[in-house]
$ cat coords-v5.txt   # compact mmCIF, C-alpha atoms
# COMPACT_ATOMS: atom_id res chain seq x y z
CA MET A 13 141.59 -1.48 -126.34
CA LYS A 14 138.84 -2.69 -128.69
CA THR A 15 137.10 -0.26 -131.00
CA CYS A 16 133.38 0.01 -131.59
CA LEU A 17 131.82 1.89 -134.49
CA VAL A 18 128.50 3.39 -133.36
CA VAL A 19 126.26 4.03 -136.37
CA ASP A 20 123.04 5.95 -135.81
CA ASP A 21 121.53 9.09 -137.34
CA SER A 22 120.39 10.24 -133.90
CA SER A 23 123.13 12.12 -132.06
CA VAL A 24 121.34 11.39 -128.77
CA ILE A 25 121.41 7.63 -129.35
CA ARG A 26 125.07 7.82 -130.44
CA LYS A 27 125.89 9.68 -127.25
CA ILE A 28 124.03 7.24 -124.95
CA ALA A 29 125.46 4.17 -126.70
CA SER A 30 128.97 5.62 -126.71
CA ARG A 31 128.83 6.33 -122.99
CA ILE A 32 127.70 2.75 -122.26
CA LEU A 33 130.41 1.27 -124.48
CA GLU A 34 133.15 3.54 -123.11
CA GLU A 35 132.31 2.18 -119.66
CA MET A 36 132.97 -1.25 -121.15
CA ASN A 37 136.42 -0.02 -122.25
CA PHE A 38 135.71 0.43 -125.94
CA ARG A 39 137.25 3.19 -128.01
CA ILE A 40 134.39 4.76 -129.92
CA ILE A 41 134.14 5.89 -133.53
CA GLU A 42 130.83 7.46 -134.58
CA ALA A 43 129.06 7.57 -137.95
CA GLU A 44 125.74 9.20 -138.88
CA ASP A 45 124.77 6.79 -141.65
CA GLY A 46 125.80 3.63 -143.45
CA ALA A 47 127.92 5.43 -146.04
CA GLN A 48 130.02 7.22 -143.42
CA ALA A 49 130.33 3.96 -141.52
CA LEU A 50 131.53 2.13 -144.63
CA GLU A 51 134.18 4.79 -145.27
CA ALA A 52 135.36 4.42 -141.68
CA CYS A 53 135.59 0.65 -142.12
CA LYS A 54 137.62 1.04 -145.32
CA GLN A 55 140.14 3.08 -143.31
CA GLN A 56 140.24 0.65 -140.41
CA LEU A 57 138.01 -2.21 -139.44
CA PRO A 58 136.61 -1.93 -135.93
CA ASP A 59 136.18 -4.87 -133.55
CA ALA A 60 132.47 -4.18 -133.19
CA VAL A 61 129.69 -2.24 -134.91
CA LEU A 62 126.54 -1.11 -133.10
CA LEU A 63 124.22 -0.48 -136.01
CA ASP A 64 120.90 1.30 -136.51
CA TRP A 65 118.69 0.11 -139.37
CA ASN A 66 116.85 3.16 -140.71
CA MET A 67 119.25 5.93 -141.66
CA PRO A 68 119.53 8.40 -144.57
CA VAL A 69 121.99 7.88 -147.48
CA MET A 70 122.70 4.22 -146.71
CA ASP A 71 120.69 2.16 -144.21
CA GLY A 72 122.14 -0.34 -141.77
CA PHE A 73 121.18 -3.39 -143.79
CA ASP A 74 122.98 -2.17 -146.94
CA PHE A 75 125.97 -1.17 -144.84
CA LEU A 76 126.14 -4.72 -143.43
CA ILE A 77 126.03 -6.28 -146.89
CA ASN A 78 128.83 -3.97 -148.05
CA LEU A 79 130.90 -4.46 -144.91
CA ARG A 80 130.86 -8.24 -145.25
CA ARG A 81 132.20 -7.87 -148.81
CA LEU A 82 135.26 -5.87 -147.70
CA PRO A 83 138.57 -7.70 -147.25
CA GLY A 84 138.45 -8.84 -143.62
CA GLY A 85 134.88 -7.56 -143.41
CA ASP A 86 133.69 -10.81 -141.89
CA GLN A 87 135.69 -10.05 -138.74
CA PRO A 88 133.82 -7.21 -136.98
CA LYS A 89 130.97 -8.35 -134.74
CA VAL A 90 127.86 -6.51 -135.86
CA VAL A 91 125.07 -5.88 -133.37
CA PHE A 92 121.98 -4.23 -134.79
CA CYS A 93 120.31 -1.72 -132.48
CA THR A 94 117.04 -0.63 -134.00
CA THR A 95 113.32 0.03 -133.63
CA GLU A 96 112.72 -2.50 -136.42
CA ASN A 97 111.61 -5.13 -133.94
CA GLY A 98 109.75 -7.54 -136.19
CA ILE A 99 110.91 -11.11 -136.61
CA ASP A 100 111.21 -10.59 -140.39
CA HIS A 101 113.79 -7.86 -139.92
CA ILE A 102 115.67 -9.91 -137.33
CA SER A 103 115.79 -12.92 -139.65
CA ARG A 104 116.97 -10.80 -142.59
CA ALA A 105 119.71 -9.26 -140.46
CA LEU A 106 120.96 -12.65 -139.25
CA HIS A 107 120.88 -14.03 -142.76
CA ALA A 108 122.98 -11.08 -143.96
CA GLY A 109 125.62 -11.74 -141.32
CA ALA A 110 124.58 -9.81 -138.20
CA ASN A 111 125.86 -11.39 -135.01
CA GLU A 112 123.30 -10.07 -132.56
CA TYR A 113 120.25 -7.84 -132.48
CA ILE A 114 119.08 -5.28 -129.94
CA MET A 115 115.50 -4.09 -130.09
CA LYS A 116 115.16 -0.48 -128.99
CA PRO A 117 114.62 0.78 -126.35
CA PHE A 118 117.80 -0.59 -124.82
CA ASP A 119 119.76 -0.14 -121.64
CA LYS A 120 123.24 -0.89 -120.38
CA ASP A 121 122.33 -4.42 -119.25
CA ILE A 122 121.03 -5.37 -122.68
CA VAL A 123 124.09 -3.98 -124.48
CA ALA A 124 126.36 -5.83 -122.03
CA ALA A 125 124.41 -9.08 -122.44
CA LYS A 126 124.57 -8.92 -126.23
CA PHE A 127 128.25 -7.98 -126.33
CA GLN A 128 128.99 -10.88 -123.97
CA GLU A 129 126.97 -13.17 -126.18
CA VAL A 130 129.20 -12.53 -129.17
CA GLY A 131 132.40 -12.62 -127.12
CA LEU A 132 133.22 -8.91 -127.28
CA ILE A 133 133.40 -8.64 -123.51
CA ALA A 134 134.06 -11.28 -120.90
CA GLN A 135 131.37 -13.00 -118.87
CA PRO A 136 131.18 -11.70 -115.31
CA VAL A 137 132.86 -14.17 -112.94
CA MET B 17 107.49 1.27 -90.46
CA THR B 18 107.70 0.75 -86.70
CA PRO B 19 110.27 -1.70 -85.26
CA PRO B 20 107.49 -4.04 -83.98
CA ASP B 21 105.90 -4.12 -87.47
CA TYR B 22 109.28 -4.92 -88.99
CA GLU B 23 109.90 -7.71 -86.49
CA TYR B 24 106.43 -9.13 -87.14
CA LEU B 25 107.03 -9.21 -90.91
CA ARG B 26 110.55 -10.57 -90.51
CA LYS B 27 109.38 -13.48 -88.37
CA LEU B 28 106.41 -14.18 -90.61
CA LEU B 29 108.56 -14.26 -93.75
CA LYS B 30 111.08 -16.53 -92.06
CA ASP B 31 108.35 -18.96 -90.99
CA GLN B 32 106.47 -18.93 -94.27
CA SER B 33 109.20 -18.85 -96.88
CA GLY B 34 112.53 -19.23 -95.09
CA LEU B 35 113.48 -15.71 -96.18
CA ASP B 36 116.09 -14.61 -93.67
CA LEU B 37 116.11 -10.80 -93.48
CA SER B 38 118.79 -9.14 -91.40
CA ALA B 39 117.87 -6.34 -88.99
CA ASP B 40 118.61 -3.59 -91.54
CA LYS B 41 116.36 -4.63 -94.43
CA GLN B 42 113.46 -2.25 -93.73
CA TYR B 43 114.08 -0.61 -97.11
CA LEU B 44 113.55 -3.95 -98.86
CA ILE B 45 110.22 -4.53 -97.16
CA GLU B 46 109.13 -0.97 -97.93
CA SER B 47 110.13 -1.17 -101.58
CA ARG B 48 108.26 -4.44 -102.08
CA LEU B 49 105.21 -3.94 -99.85
CA LEU B 50 104.29 -0.29 -100.46
CA PRO B 51 103.23 -1.05 -104.06
CA LEU B 52 101.21 -4.00 -102.70
CA ALA B 53 99.54 -1.74 -100.12
CA ARG B 54 98.52 0.68 -102.88
CA LYS B 55 97.21 -2.19 -105.00
CA CYS B 56 95.09 -3.43 -102.09
CA GLY B 57 93.79 0.04 -101.23
CA LEU B 58 95.67 0.14 -97.92
CA SER B 59 97.42 3.25 -96.65
CA GLY B 60 100.76 1.64 -95.85
CA ILE B 61 102.69 -1.12 -94.12
CA PRO B 62 101.01 -0.67 -90.69
CA ASP B 63 97.68 -1.37 -92.42
CA ILE B 64 99.11 -4.50 -94.05
CA VAL B 65 100.40 -5.75 -90.70
CA GLN B 66 97.08 -5.03 -88.98
CA LYS B 67 95.11 -6.84 -91.65
CA MET B 68 97.45 -9.83 -91.55
CA LYS B 69 97.15 -10.02 -87.76
CA GLY B 70 93.42 -10.17 -88.38
CA GLY B 71 94.04 -13.40 -90.31
CA SER B 72 93.85 -12.42 -93.98
CA ALA B 73 95.16 -15.51 -95.78
CA SER B 74 95.05 -13.94 -99.25
CA LEU B 75 97.07 -10.93 -98.08
CA LEU B 76 99.60 -13.26 -96.46
CA THR B 77 100.11 -15.02 -99.80
CA GLN B 78 100.52 -11.71 -101.59
CA VAL B 79 103.04 -10.47 -99.01
CA VAL B 80 105.16 -13.62 -99.31
CA GLU B 81 105.01 -13.46 -103.11
CA ALA B 82 105.94 -9.76 -103.17
CA MET B 83 108.94 -10.39 -100.96
CA THR B 84 110.25 -13.36 -102.90
CA THR B 85 112.93 -12.29 -105.33
CA ASN B 86 112.03 -13.32 -108.85
CA GLU B 87 114.85 -11.84 -110.84
CA THR B 88 115.79 -14.26 -113.53
CA PHE B 89 116.72 -14.27 -117.18
CA PHE B 90 117.40 -16.71 -119.95
CA PHE B 91 120.72 -18.59 -119.69
CA ARG B 92 121.51 -16.62 -116.54
CA ASP B 93 125.29 -16.68 -115.85
CA LYS B 94 125.77 -18.77 -119.00
CA VAL B 95 128.37 -21.11 -117.40
CA PRO B 96 125.85 -23.48 -115.71
CA PHE B 97 124.22 -24.03 -119.10
CA GLU B 98 127.62 -24.73 -120.65
CA HIS B 99 128.16 -27.33 -117.90
CA PHE B 100 124.74 -28.76 -118.70
CA ARG B 101 125.35 -28.94 -122.44
CA ASP B 102 129.03 -29.90 -122.51
CA MET B 103 129.43 -32.12 -119.49
CA ILE B 104 126.26 -33.10 -117.62
CA MET B 105 124.13 -34.21 -120.57
CA PRO B 106 126.91 -36.04 -122.45
CA GLU B 107 127.58 -38.04 -119.27
CA ILE B 108 123.87 -38.73 -118.72
CA ILE B 109 123.47 -39.82 -122.34
CA LYS B 110 126.19 -42.40 -121.70
CA THR B 111 125.13 -43.61 -118.26
CA ARG B 112 121.37 -43.69 -119.00
CA ALA B 113 121.75 -45.20 -122.47
CA ALA B 114 119.69 -48.25 -121.46
CA ARG B 115 116.78 -46.51 -119.79
CA LYS B 116 116.79 -43.47 -122.13
CA SER B 117 115.25 -41.02 -119.71
CA VAL B 118 116.39 -37.95 -117.82
CA ARG B 119 114.63 -36.08 -115.02
CA ILE B 120 115.56 -32.47 -114.33
CA TRP B 121 114.28 -30.26 -111.52
CA CYS B 122 114.41 -26.47 -111.49
CA ALA B 123 113.84 -25.91 -107.79
CA ALA B 124 113.29 -22.16 -108.10
CA GLY B 125 111.86 -22.02 -111.59
CA SER B 126 110.45 -18.53 -111.13
CA THR B 127 108.92 -17.10 -114.31
CA GLY B 128 110.28 -19.87 -116.51
CA GLN B 129 113.47 -18.51 -118.01
CA GLU B 130 115.65 -21.20 -116.40
CA PRO B 131 113.50 -24.26 -117.20
CA TYR B 132 112.93 -23.03 -120.75
CA SER B 133 116.67 -22.38 -121.16
CA LEU B 134 117.22 -26.04 -120.23
CA ALA B 135 114.44 -27.09 -122.61
CA MET B 136 116.20 -25.17 -125.41
CA CYS B 137 119.49 -26.89 -124.55
CA LEU B 138 117.75 -30.28 -124.80
CA LYS B 139 116.15 -29.33 -128.12
CA GLU B 140 119.55 -28.30 -129.46
CA MET B 141 120.86 -31.78 -128.68
CA SER B 142 117.76 -33.62 -129.90
CA ALA B 143 119.80 -35.70 -132.35
CA SER B 144 121.52 -37.38 -129.39
CA LEU B 145 118.26 -37.71 -127.48
CA ALA B 146 116.14 -39.43 -130.11
CA GLY B 147 113.77 -41.83 -128.35
CA TRP B 148 114.51 -40.36 -124.92
CA ARG B 149 111.96 -39.32 -122.32
CA THR B 150 112.95 -35.91 -120.96
CA GLU B 151 111.21 -34.38 -117.97
CA ILE B 152 111.75 -30.87 -116.63
CA ILE B 153 109.87 -30.05 -113.43
CA ALA B 154 109.77 -26.36 -112.54
CA THR B 155 108.71 -25.53 -109.01
CA ASP B 156 108.31 -22.23 -107.24
CA LEU B 157 106.80 -20.89 -104.07
CA SER B 158 104.69 -18.37 -105.93
CA GLN B 159 101.63 -19.43 -107.91
CA GLU B 160 101.67 -16.07 -109.69
CA VAL B 161 105.13 -16.58 -111.19
CA LEU B 162 104.30 -20.18 -112.09
CA GLU B 163 101.31 -18.93 -114.09
CA LYS B 164 103.60 -16.59 -115.97
CA SER B 165 106.00 -19.46 -116.55
CA LYS B 166 103.23 -21.69 -117.89
CA ALA B 167 102.12 -18.98 -120.33
CA GLY B 168 105.70 -18.54 -121.51
CA ILE B 169 105.08 -14.95 -122.61
CA TYR B 170 107.91 -12.47 -122.20
CA SER B 171 108.44 -8.78 -122.84
CA GLN B 172 110.93 -7.46 -125.34
CA PHE B 173 113.11 -6.46 -122.39
CA GLU B 174 113.03 -9.98 -120.90
CA VAL B 175 113.99 -11.76 -124.12
CA GLN B 176 116.99 -9.49 -124.59
CA ARG B 177 118.77 -10.46 -121.38
CA GLY B 178 120.76 -13.61 -121.94
CA LEU B 179 118.83 -15.14 -124.82
CA PRO B 180 120.89 -15.38 -128.02
CA ILE B 181 119.01 -13.82 -130.91
CA GLN B 182 119.15 -17.06 -132.92
CA MET B 183 117.30 -18.82 -130.08
CA LEU B 184 114.66 -16.09 -130.05
CA VAL B 185 114.02 -16.52 -133.75
CA LYS B 186 114.02 -20.30 -133.49
CA TYR B 187 111.90 -20.92 -130.41
CA PHE B 188 109.61 -17.91 -129.94
CA LYS B 189 106.61 -16.48 -131.70
CA GLN B 190 106.16 -12.73 -131.78
CA THR B 191 102.75 -11.45 -130.68
CA GLY B 192 102.76 -7.65 -130.79
CA GLU B 193 105.33 -6.41 -128.32
CA PHE B 194 105.57 -9.78 -126.60
CA TRP B 195 107.26 -13.05 -127.39
CA GLN B 196 105.84 -16.46 -126.54
CA ILE B 197 107.94 -19.59 -126.31
CA ASN B 198 106.69 -22.23 -128.72
CA PRO B 199 104.17 -24.90 -127.62
CA GLU B 200 106.64 -27.76 -127.98
CA LEU B 201 109.04 -26.21 -125.46
CA ARG B 202 106.18 -25.22 -123.16
CA GLY B 203 105.08 -28.85 -123.25
CA MET B 204 108.52 -29.98 -122.09
CA VAL B 205 108.16 -28.20 -118.72
CA GLN B 206 105.80 -29.30 -115.94
CA HIS B 207 104.94 -26.76 -113.26
CA ARG B 208 104.27 -27.39 -109.55
CA GLN B 209 103.89 -25.02 -106.62
CA LEU B 210 106.35 -25.94 -103.89
CA ASN B 211 107.86 -24.41 -100.78
CA LEU B 212 111.40 -25.72 -100.36
CA LEU B 213 110.91 -25.61 -96.58
CA HIS B 214 108.34 -28.35 -96.93
CA ASP B 215 108.77 -32.02 -97.81
CA PHE B 216 109.50 -32.51 -101.51
CA SER B 217 110.09 -36.26 -101.49
CA GLN B 218 106.86 -36.71 -103.51
CA LEU B 219 108.69 -35.32 -106.54
CA GLY B 220 110.89 -38.42 -106.67
CA THR B 221 114.55 -38.42 -107.60
CA PHE B 222 116.32 -36.47 -110.31
CA ASP B 223 119.35 -36.79 -112.51
CA VAL B 224 119.96 -33.05 -112.43
CA ILE B 225 118.79 -30.41 -109.97
CA PHE B 226 119.17 -26.71 -110.66
CA CYS B 227 118.71 -24.89 -107.35
CA ARG B 228 120.18 -21.51 -108.13
CA ASN B 229 120.02 -18.18 -106.36
CA VAL B 230 117.45 -19.22 -103.80
CA LEU B 231 119.46 -20.68 -100.91
CA ILE B 232 121.29 -17.37 -100.43
CA TYR B 233 118.12 -16.05 -98.79
CA PHE B 234 118.04 -18.80 -96.15
CA ASP B 235 119.88 -19.03 -92.84
CA GLN B 236 122.55 -21.65 -92.29
CA ASP B 237 120.43 -24.30 -90.58
CA THR B 238 117.74 -24.03 -93.24
CA LYS B 239 120.34 -24.36 -96.00
CA ILE B 240 121.79 -27.49 -94.38
CA ASN B 241 118.34 -28.98 -93.99
CA ILE B 242 117.54 -28.32 -97.65
CA PHE B 243 120.89 -29.69 -98.85
CA ASN B 244 120.24 -32.90 -96.91
CA ARG B 245 116.86 -33.32 -98.56
CA LEU B 246 118.23 -32.34 -101.98
CA GLN B 247 120.81 -35.06 -101.59
CA ARG B 248 118.03 -37.61 -101.14
CA ALA B 249 116.29 -36.20 -104.24
CA THR B 250 119.44 -36.54 -106.38
CA GLU B 251 120.35 -39.80 -108.09
CA PRO B 252 123.65 -41.15 -106.63
CA ASP B 253 125.44 -40.25 -109.88
CA GLY B 254 123.36 -37.13 -110.49
CA PHE B 255 124.25 -33.46 -110.42
CA LEU B 256 123.36 -30.40 -108.35
CA VAL B 257 123.83 -26.94 -109.85
CA LEU B 258 123.95 -23.96 -107.49
CA GLY B 259 124.11 -20.20 -108.10
CA ALA B 260 127.38 -18.33 -108.44
CA ALA B 261 127.18 -17.00 -104.87
CA GLU B 262 126.21 -20.32 -103.31
CA THR B 263 128.21 -23.29 -102.09
CA VAL B 264 127.97 -26.37 -99.90
CA VAL B 265 131.55 -25.95 -98.74
CA GLY B 266 131.72 -25.34 -95.00
CA LEU B 267 128.04 -26.19 -94.57
CA THR B 268 127.55 -29.85 -95.36
CA GLU B 269 129.30 -32.80 -96.91
CA THR B 270 126.17 -34.18 -98.53
CA PHE B 271 127.50 -32.84 -101.85
CA LYS B 272 131.02 -32.46 -103.13
CA PRO B 273 132.19 -29.78 -105.58
CA TYR B 274 132.94 -31.04 -109.06
CA PRO B 275 136.57 -30.20 -109.90
CA GLU B 276 137.08 -27.26 -112.26
CA ARG B 277 133.32 -26.73 -112.72
CA ARG B 278 132.17 -23.83 -110.59
CA GLY B 279 128.67 -24.21 -109.17
CA LEU B 280 128.48 -27.92 -110.01
CA TYR B 281 128.20 -30.56 -107.28
CA ARG B 282 127.66 -34.30 -106.98
CA PRO B 283 126.12 -36.25 -104.10
CA ASN B 284 128.63 -37.48 -101.58
CA GLU B 285 127.10 -40.80 -100.66
CA GLN B 286 129.58 -41.82 -98.01
CA ARG B 287 128.96 -38.66 -96.04
CA ALA B 288 125.21 -38.40 -96.46
CA ALA B 289 124.10 -40.69 -93.66
CA LYS B 290 126.69 -39.34 -91.23
CA THR B 291 125.84 -35.71 -91.93
CA SER B 292 122.10 -36.30 -91.69
CA ALA B 293 122.50 -38.02 -88.35
CA SER B 294 124.78 -35.36 -86.90
CA MET B 295 122.46 -32.57 -88.04
CA ALA B 296 119.29 -34.05 -86.59
CA PRO B 297 119.70 -32.76 -83.01
CA ARG B 298 120.78 -29.34 -84.29
CA LEU B 299 117.73 -29.00 -86.54
CA ALA B 300 115.45 -30.23 -83.80
CA ALA B 301 116.88 -27.56 -81.48
CA ALA B 302 116.50 -24.91 -84.18
CA ALA B 303 112.87 -25.91 -84.60
CA GLY B 304 112.31 -25.65 -80.83
CA MET B 305 111.79 -29.40 -80.42
$ encode --input "coords-v5.txt" --output "structure tokens"
Amino acid sequence: MKTCLVVDDSSVIRKIASRILEEMNFRIIEAEDGAQALEACKQQLPDAVLLDWNMPVMDGFDFLINLRRLPGGDQPKVVFCTTENGIDHISRALHAGANEYIMKPFDKDIVAAKFQEVGLIAQPV
Amino acid sequence: MTPPDYEYLRKLLKDQSGLDLSADKQYLIESRLLPLARKCGLSGIPDIVQKMKGGSASLLTQVVEAMTTNETFFFRDKVPFEHFRDMIMPEIIKTRAARKSVRIWCAAGSTGQEPYSLAMCLKEMSASLAGWRTEIIATDLSQEVLEKSKAGIYSQFEVQRGLPIQMLVKYFKQTGEFWQINPELRGMVQHRQLNLLHDFSQLGTFDVIFCRNVLIYFDQDTKINIFNRLQRATEPDGFLVLGAAETVVGLTETFKPYPERRGLYRPNEQRAAKTSASMAPRLAAAAGM
């Protein structure tokens, strides 16, 4: 079973995202900010990270930079999931090594489409 | 909705668009036409039927458009676009090396996501297509969806279903909450209103035809008739791409499945004449001739 680290300071968003991803057979780890997420990654790298941008302590962008510097940190597929919907933010995220980008609000279909795009789940036959 | 109203709408939709509704699709008509009734200031479906019986041509168009399924998204099902990129276009680049042109038809282009997905594929292989003339014709029954396609403006929700984020950044411009496909890609797609039930020979012949997720709404005789005409619109060494739930197998031998490539078909020249001839009496009977 693949693991997905869900990083968001909103417990409601973490709960909704976790439910969607559990239905896709992911084991979920949750983190409230980038620092907690980075600690979790130092313990064990997940297969995927669903990542908010604006969070206290450490934001999603700084987390991504730090994650990619960890040994093996280039492996997890990182999908931003944020209200920062401007093209500048999207470009910065891609440049820093994000694999996909979800603009909030999101639903199950969008999460599935993005996770398929980066090969985390299979295409429907 | 009364049974006679349902039968009236069912027959009308069949005649006008080929849409073949089974006897238990009242819910579909209600879900699509009640919003239209409200928009037109009518009290419900009986009012729509009454007004249409009175000969309202504009209402007829709106009813047909409302009932035509327009669900589509960028790179829908992904695999057909992998066929296009990895197999169809490389072969066309070889076989059309002398004439350097390719004609592609999206037969149910809807709001543009499919033709623009193909345009993006072509742009991505522009190094191999230097000096080529590429034509993408997008047709649809509905003028309203064609207008949306021409504008190439999509909501945040629409650009997040199937479109890789790199493609969004590369080929779209953000305007507020909407995203517009860039003028160069818009210029690659020509739009024409077309009912597949009618003659489409004026479009000429194509190297590739995408006709996906539209034939499922037609009855068997209509499908066979369309396949026969699609065969005549496909170059002898061209390609037909159907939707995941569609096939020619068991219906007609005008096309043959391409081995190991689901949804991909090639014209079957040897069988075309025979099949057309054998179908003629059947179609004539179906049309009451």
$ residues_around --input "coords-v5.txt" --residues "Ala154 (chain B)" --least-positions-apart "6" --cutoff "7 Å" --atoms "all atoms listed in the file" --output "JSON, numbers by chain"
{"B": [121, 122, 123, 125, 131, 205, 206, 207, 208]}
$ interface_residues --input "coords-v5.txt" --of "chain B" --to "chain A" --cutoff "9 Å" --atoms "all atoms listed in the file" --output "CSV table (one decimal) with C-alpha atoms, in the coordinates of the input"
chain,number,residue,atom,x,y,z
B,93,ASP,CA,125.3,-16.7,-115.8
B,94,LYS,CA,125.8,-18.8,-119.0
B,95,VAL,CA,128.4,-21.1,-117.4
B,172,GLN,CA,110.9,-7.5,-125.3
B,173,PHE,CA,113.1,-6.5,-122.4
B,176,GLN,CA,117.0,-9.5,-124.6
B,177,ARG,CA,118.8,-10.5,-121.4
B,178,GLY,CA,120.8,-13.6,-121.9
B,179,LEU,CA,118.8,-15.1,-124.8
B,180,PRO,CA,120.9,-15.4,-128.0
B,181,ILE,CA,119.0,-13.8,-130.9
B,182,GLN,CA,119.2,-17.1,-132.9
B,185,VAL,CA,114.0,-16.5,-133.8
B,189,LYS,CA,106.6,-16.5,-131.7
B,190,GLN,CA,106.2,-12.7,-131.8
B,192,GLY,CA,102.8,-7.6,-130.8
B,193,GLU,CA,105.3,-6.4,-128.3
B,260,ALA,CA,127.4,-18.3,-108.4
$ residues_around --input "coords-v5.txt" --residues "Arg48 (chain B)" --least-positions-apart "6" --cutoff "12 Å" --atoms "all atoms listed in the file" --output "PyMOL selection string"
chain B and resi 41-42+54-55+60-61+78-86
$ write_last_selection --input "coords-v5.txt" --atoms "C-alpha atoms" --output "short mmCIF file (atom, residue, chain, number, x, y, z; two decimals), keeping the file's coordinate frame"
data_model
loop_
_atom_site.label_atom_id
_atom_site.label_comp_id
_atom_site.auth_asym_id
_atom_site.auth_seq_id
_atom_site.Cartn_x
_atom_site.Cartn_y
_atom_site.Cartn_z
CA LYS B 41 116.36 -4.63 -94.43
CA GLN B 42 113.46 -2.25 -93.73
CA ARG B 54 98.52 0.68 -102.88
CA LYS B 55 97.21 -2.19 -105.00
CA GLY B 60 100.76 1.64 -95.85
CA ILE B 61 102.69 -1.12 -94.12
CA GLN B 78 100.52 -11.71 -101.59
CA VAL B 79 103.04 -10.47 -99.01
CA VAL B 80 105.16 -13.62 -99.31
CA GLU B 81 105.01 -13.46 -103.11
CA ALA B 82 105.94 -9.76 -103.17
CA MET B 83 108.94 -10.39 -100.96
CA THR B 84 110.25 -13.36 -102.90
CA THR B 85 112.93 -12.29 -105.33
CA ASN B 86 112.03 -13.32 -108.85
#
$ atom_distance --input "coords-v5.txt" --atom1 "CA of Thr238 (chain B)" --atom2 "CA of Asp215 (chain B)"
12.9 Å
$ atom_distance --input "coords-v5.txt" --atom1 "CA of Val224 (chain B)" --atom2 "CA of Leu210 (chain B)"
17.6 Å
$ residues_around --input "coords-v5.txt" --residues "Gln87 (chain A)" --least-positions-apart "3" --cutoff "9 Å" --atoms "only C-alpha atoms" --output "list of chain:residue names"
A:Leu57, A:Pro58, A:Asp59, A:Ala60, A:Arg80, A:Gly84
$ atom_distance --input "coords-v5.txt" --atom1 "CA of Arg202 (chain B)" --atom2 "CA of Leu145 (chain B)"
17.9 Å
$ closest_residue --input "coords-v5.txt" --among "B:Glu174, B:Asp31, B:Asp102, B:Glu285" --to "Phe234 (chain B)" --atoms "all atoms listed in the file"
B:Asp31
$ residues_around --input "coords-v5.txt" --residues "Glu44 (chain A)" --least-positions-apart "4" --cutoff "6 Å" --atoms "only C-alpha atoms" --output "list in words"
Val19, Asp20 and Asp21 of chain A
$ write_last_selection --input "coords-v5.txt" --atoms "C-alpha atoms" --output "short mmCIF file (atom, residue, chain, number, x, y, z; two decimals), in the coordinates of the input"
data_model
loop_
_atom_site.label_atom_id
_atom_site.label_comp_id
_atom_site.auth_asym_id
_atom_site.auth_seq_id
_atom_site.Cartn_x
_atom_site.Cartn_y
_atom_site.Cartn_z
CA VAL A 19 126.26 4.03 -136.37
CA ASP A 20 123.04 5.95 -135.81
CA ASP A 21 121.53 9.09 -137.34
#
$ residues_around --input "coords-v5.txt" --residues "Cys227 (chain B)" --least-positions-apart "4" --cutoff "8 Å" --atoms "all atoms listed in the file" --output "number ranges by chain"
B: 122-124, 231, 256-259
$ write_last_selection --input "coords-v5.txt" --atoms "C-alpha atoms" --output "PDB file, in the frame of the given file"
ATOM      1  CA  CYS B 122     114.410 -26.470-111.490  1.00  0.00           C
ATOM      2  CA  ALA B 123     113.840 -25.910-107.790  1.00  0.00           C
ATOM      3  CA  ALA B 124     113.290 -22.160-108.100  1.00  0.00           C
ATOM      4  CA  LEU B 231     119.460 -20.680-100.910  1.00  0.00           C
ATOM      5  CA  LEU B 256     123.360 -30.400-108.350  1.00  0.00           C
ATOM      6  CA  VAL B 257     123.830 -26.940-109.850  1.00  0.00           C
ATOM      7  CA  LEU B 258     123.950 -23.960-107.490  1.00  0.00           C
ATOM      8  CA  GLY B 259     124.110 -20.200-108.100  1.00  0.00           C
TER       9      GLY B 259
END
$ residues_near_point --input "coords-v5.txt" --point "(116.0, -34.7, -119.0)" --cutoff "10 Å" --atoms "only C-alpha atoms" --output "list in words"
Met105, Ile108, Ile109, Lys116, Ser117, Val118, Arg119, Ile120, Trp121, Leu134, Ala135, Leu138, Leu145, Trp148, Arg149, Thr150, Glu151, Ile152, Ile153, Met204, Phe222, Asp223 and Val224 of chain B
$ build_atoms --input "coords-v5.txt" --residues "region 134-140 of chain B" --atoms "N, CA and C atoms" --output "compact mmCIF listing (two decimals), keeping the file's coordinate frame"
# COMPACT_ATOMS: atom_id res chain seq x y z
N LEU B 134 116.82 -24.62 -120.21
CA LEU B 134 117.22 -26.04 -120.23
C LEU B 134 116.48 -26.78 -121.34
N ALA B 135 115.20 -26.44 -121.53
CA ALA B 135 114.44 -27.09 -122.61
C ALA B 135 115.09 -26.78 -123.97
N MET B 136 115.54 -25.52 -124.14
CA MET B 136 116.20 -25.17 -125.41
C MET B 136 117.50 -25.95 -125.58
N CYS B 137 118.25 -26.09 -124.47
CA CYS B 137 119.49 -26.89 -124.55
C CYS B 137 119.17 -28.31 -125.01
N LEU B 138 118.11 -28.90 -124.42
CA LEU B 138 117.75 -30.28 -124.80
C LEU B 138 117.33 -30.35 -126.26
N LYS B 139 116.57 -29.34 -126.70
CA LYS B 139 116.15 -29.33 -128.12
C LYS B 139 117.36 -29.25 -129.04
N GLU B 140 118.36 -28.46 -128.62
CA GLU B 140 119.55 -28.30 -129.46
C GLU B 140 120.33 -29.60 -129.58
